[in-house]
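Just below is one structure, and these are the notes that go with it.
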Amino acid sequence: MGDPRKLRKKYIPPKHPWDADRIQEENRLVTDFGLKNKKEIWRADAAIRKFRYLARSLVGIPIDQRKGEEERLMGKLQKLGLLKEGSTLDDALSLKVEDLLARRLQTLVWKKGMANTLSQARQLVTHGHISVKKRRVSSPGMIIGMEEEGTIDWYGEPPKITVKKVEEKPAEKVEEKVEEKPKEKVEKKAPRKKRKKAEKAQKAEGEAK
């Protein structure tokens, strides 16, 4: 046994660190959910694996014996907002990492329109501007249950930020058409050489007369 005061890791790093497909998928999740690093993905993946393991272990047990444990597991997943009412063990087995990342405080603050971006939502949480059940929370990775989701609010006075809203396009102004006067045709002058030839021809005709 180790030192009880020492915190243990809540995740397991990937066995193959240079898997291109996995790296690409993790980069997408970091961008979509505004995560700080990939450890947050590994923590969520560990929690989802645990839920799937419990659901898989109940599938092989007779219905009479697993009834109580199945109700507790499904009730917990429904409280966390990972499953809807009336879901089955098959739904629990199909849980994904995205389902748990969508229940993070950072993501819900952004969805409620309290921040313009996910990175701004993370900043608001870490700076202590967000409260849950009227208590100050500074952990953007906190998993929020269905009962707690409605209690997300500002802690004290909200910061002075402008949340972007969809602006209506102003009506196009009808411009009055001004009748343009036709341009006068300007006679183009002939080239210099042709003019000299024409002048010489006129002189020759005058002398002949």
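Residue numbering restarts at 1 for every chain of the structure tokens, chains are lettered A, B, ... in their displayed order, and ligands are numbered from 1 as they appear.
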Can you pull out every residue within 10 Å of Lys39 of chain A, counting only C-alpha atoms, but drop anything in the same chain fewer than 4 positions away, and send it as a PDB file with N, CA and C atoms, in the first residue's frame?
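Resulting contents of around27.pdb:
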```
ATOM      1  N   LYS A  10      -6.399   8.972 -11.919  1.00  0.00           N
ATOM      2  CA  LYS A  10      -7.769   8.557 -12.217  1.00  0.00           C
ATOM      3  C   LYS A  10      -7.929   8.174 -13.674  1.00  0.00           C
ATOM      4  N   TYR A  11      -6.819   7.916 -14.345  1.00  0.00           N
ATOM      5  CA  TYR A  11      -6.877   7.550 -15.751  1.00  0.00           C
ATOM      6  C   TYR A  11      -5.728   6.605 -16.061  1.00  0.00           C
ATOM      7  N   ILE A  12      -5.831   5.953 -17.206  1.00  0.00           N
ATOM      8  CA  ILE A  12      -4.781   5.067 -17.685  1.00  0.00           C
ATOM      9  C   ILE A  12      -4.327   5.599 -19.036  1.00  0.00           C
ATOM     10  N   PRO A  13      -3.060   5.954 -19.190  1.00  0.00           N
ATOM     11  CA  PRO A  13      -2.602   6.465 -20.490  1.00  0.00           C
ATOM     12  C   PRO A  13      -2.685   5.381 -21.553  1.00  0.00           C
ATOM     13  N   LEU A  35     -10.831  21.558 -24.183  1.00  0.00           N
ATOM     14  CA  LEU A  35     -10.094  20.930 -23.080  1.00  0.00           C
ATOM     15  C   LEU A  35      -8.679  21.500 -22.976  1.00  0.00           C
ATOM     16  N   ARG A  43      -9.431  10.731 -18.423  1.00  0.00           N
ATOM     17  CA  ARG A  43     -10.241  10.593 -17.207  1.00  0.00           C
ATOM     18  C   ARG A  43     -11.688  10.240 -17.561  1.00  0.00           C
ATOM     19  N   ALA A  44     -12.229  10.948 -18.544  1.00  0.00           N
ATOM     20  CA  ALA A  44     -13.600  10.656 -18.970  1.00  0.00           C
ATOM     21  C   ALA A  44     -13.709   9.254 -19.555  1.00  0.00           C
ATOM     22  N   ASP A  45     -12.697   8.842 -20.305  1.00  0.00           N
ATOM     23  CA  ASP A  45     -12.706   7.500 -20.893  1.00  0.00           C
ATOM     24  C   ASP A  45     -12.658   6.439 -19.808  1.00  0.00           C
TER      25      ASP A  45
END
```
With DSSP run on the backbone, what are the strand (DSSP E or B) residues within segment 60-186 of chain A? I'd like them as a PyMOL selection string.
chain A and resi 104+130-132+135-137+143+152-154
Could you write out that same residue set with N, CA and C atoms as a PDB file, in the first residue's frame?
```pdb
ATOM      1  N   ARG A 104     -19.779  18.244 -18.555  1.00  0.00           N
ATOM      2  CA  ARG A 104     -18.825  19.042 -17.775  1.00  0.00           C
ATOM      3  C   ARG A 104     -19.374  20.442 -17.563  1.00  0.00           C
ATOM      4  N   ILE A 130     -18.545  31.412 -11.531  1.00  0.00           N
ATOM      5  CA  ILE A 130     -19.676  30.508 -11.707  1.00  0.00           C
ATOM      6  C   ILE A 130     -19.986  29.809 -10.393  1.00  0.00           C
ATOM      7  N   SER A 131     -21.264  29.631 -10.131  1.00  0.00           N
ATOM      8  CA  SER A 131     -21.699  28.929  -8.919  1.00  0.00           C
ATOM      9  C   SER A 131     -22.655  27.798  -9.298  1.00  0.00           C
ATOM     10  N   VAL A 132     -22.638  26.751  -8.487  1.00  0.00           N
ATOM     11  CA  VAL A 132     -23.553  25.620  -8.617  1.00  0.00           C
ATOM     12  C   VAL A 132     -24.210  25.414  -7.258  1.00  0.00           C
ATOM     13  N   ARG A 135     -23.040  27.823  -4.663  1.00  0.00           N
ATOM     14  CA  ARG A 135     -21.687  27.630  -4.133  1.00  0.00           C
ATOM     15  C   ARG A 135     -20.676  27.865  -5.250  1.00  0.00           C
ATOM     16  N   ARG A 136     -19.620  28.564  -4.904  1.00  0.00           N
ATOM     17  CA  ARG A 136     -18.594  28.895  -5.885  1.00  0.00           C
ATOM     18  C   ARG A 136     -17.856  27.632  -6.325  1.00  0.00           C
ATOM     19  N   VAL A 137     -17.721  27.470  -7.644  1.00  0.00           N
ATOM     20  CA  VAL A 137     -17.041  26.310  -8.210  1.00  0.00           C
ATOM     21  C   VAL A 137     -15.957  26.804  -9.149  1.00  0.00           C
ATOM     22  N   ILE A 143     -18.487  17.238 -13.178  1.00  0.00           N
ATOM     23  CA  ILE A 143     -19.617  16.618 -13.853  1.00  0.00           C
ATOM     24  C   ILE A 143     -20.909  17.083 -13.171  1.00  0.00           C
ATOM     25  N   ILE A 152     -26.964  26.311 -12.143  1.00  0.00           N
ATOM     26  CA  ILE A 152     -25.751  26.992 -12.621  1.00  0.00           C
ATOM     27  C   ILE A 152     -26.065  28.476 -12.799  1.00  0.00           C
ATOM     28  N   ASP A 153     -25.293  29.315 -12.150  1.00  0.00           N
ATOM     29  CA  ASP A 153     -25.549  30.760 -12.197  1.00  0.00           C
ATOM     30  C   ASP A 153     -24.248  31.504 -11.932  1.00  0.00           C
ATOM     31  N   TRP A 154     -24.329  32.839 -11.991  1.00  0.00           N
ATOM     32  CA  TRP A 154     -23.161  33.663 -11.671  1.00  0.00           C
ATOM     33  C   TRP A 154     -22.912  33.678 -10.167  1.00  0.00           C
TER      34      TRP A 154
END
```
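The nearest approach to Gly128 of chain A among the residues A:Tyr155, A:Ile23, A:Ile161, A:Ser87, with only C-alpha atoms taken into account, belongs to A:Tyr155.
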Which is closer to Arg103 of chain A than all the others in A:Ile63, A:Phe33, A:Ala46, A:Glu71, using only C-alpha atoms?
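Nearest candidate to Arg103 of chain A out of A:Ile63, A:Phe33, A:Ala46, A:Glu71: A:Phe33.
For the pair atom CA of Glu148 of chain A and atom CA of Gln123 of chain A, the interatomic distance is 20.4 Å.
The two atoms in question, atom CA of Pro17 of chain A and atom CA of Phe51 of chain A, are spaced 24.3 Å apart.
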Would you pick out the contacts of Val109 of chain A at 7 Å or less, using only C-alpha atoms, so that residues sharing its chain but fewer than 5 positions from it are not included, and give the list as a list in words?
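Here the qualifying residues turn out to be Met114, Ala115 and Ala121 of chain A.
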Write the selection just made, keeping C-alpha atoms, as a CSV table (one decimal), in the first residue's frame?
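Ended up saving to result.csv:
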```
chain,number,residue,atom,x,y,z
A,114,MET,CA,-23.0,32.6,-20.4
A,115,ALA,CA,-19.8,32.7,-22.6
A,121,ALA,CA,-16.3,29.4,-20.3
```
Based on DSSP run over this structure's backbone, return all residues of segment 117-151 of chain A in alpha helix (DSSP H), as a PyMOL selection string.
chain A and resi 118-126+146-149
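Atom CA of His127 of chain A to atom CA of Pro158 of chain A spans 11.7 Å [interatomic distance, one decimal].
For the set A:Lys96, A:Leu108, A:Gly150, A:Pro62, the residue with the smallest atom-to-atom gap to Lys133 of chain A is A:Gly150, counting only C-alpha atoms.
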Tell me which of A:Asn116, A:Leu80, A:Thr88, A:Lys197 sits closest to Gly145 of chain A, counting only C-alpha atoms.
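Closest to Gly145 of chain A, using only C-alpha atoms: A:Leu80.
Nearest to His129 of chain A of all the residues A:Ala20, A:Arg8, A:Pro159, A:Met146 is A:Pro159, based on only C-alpha atoms.
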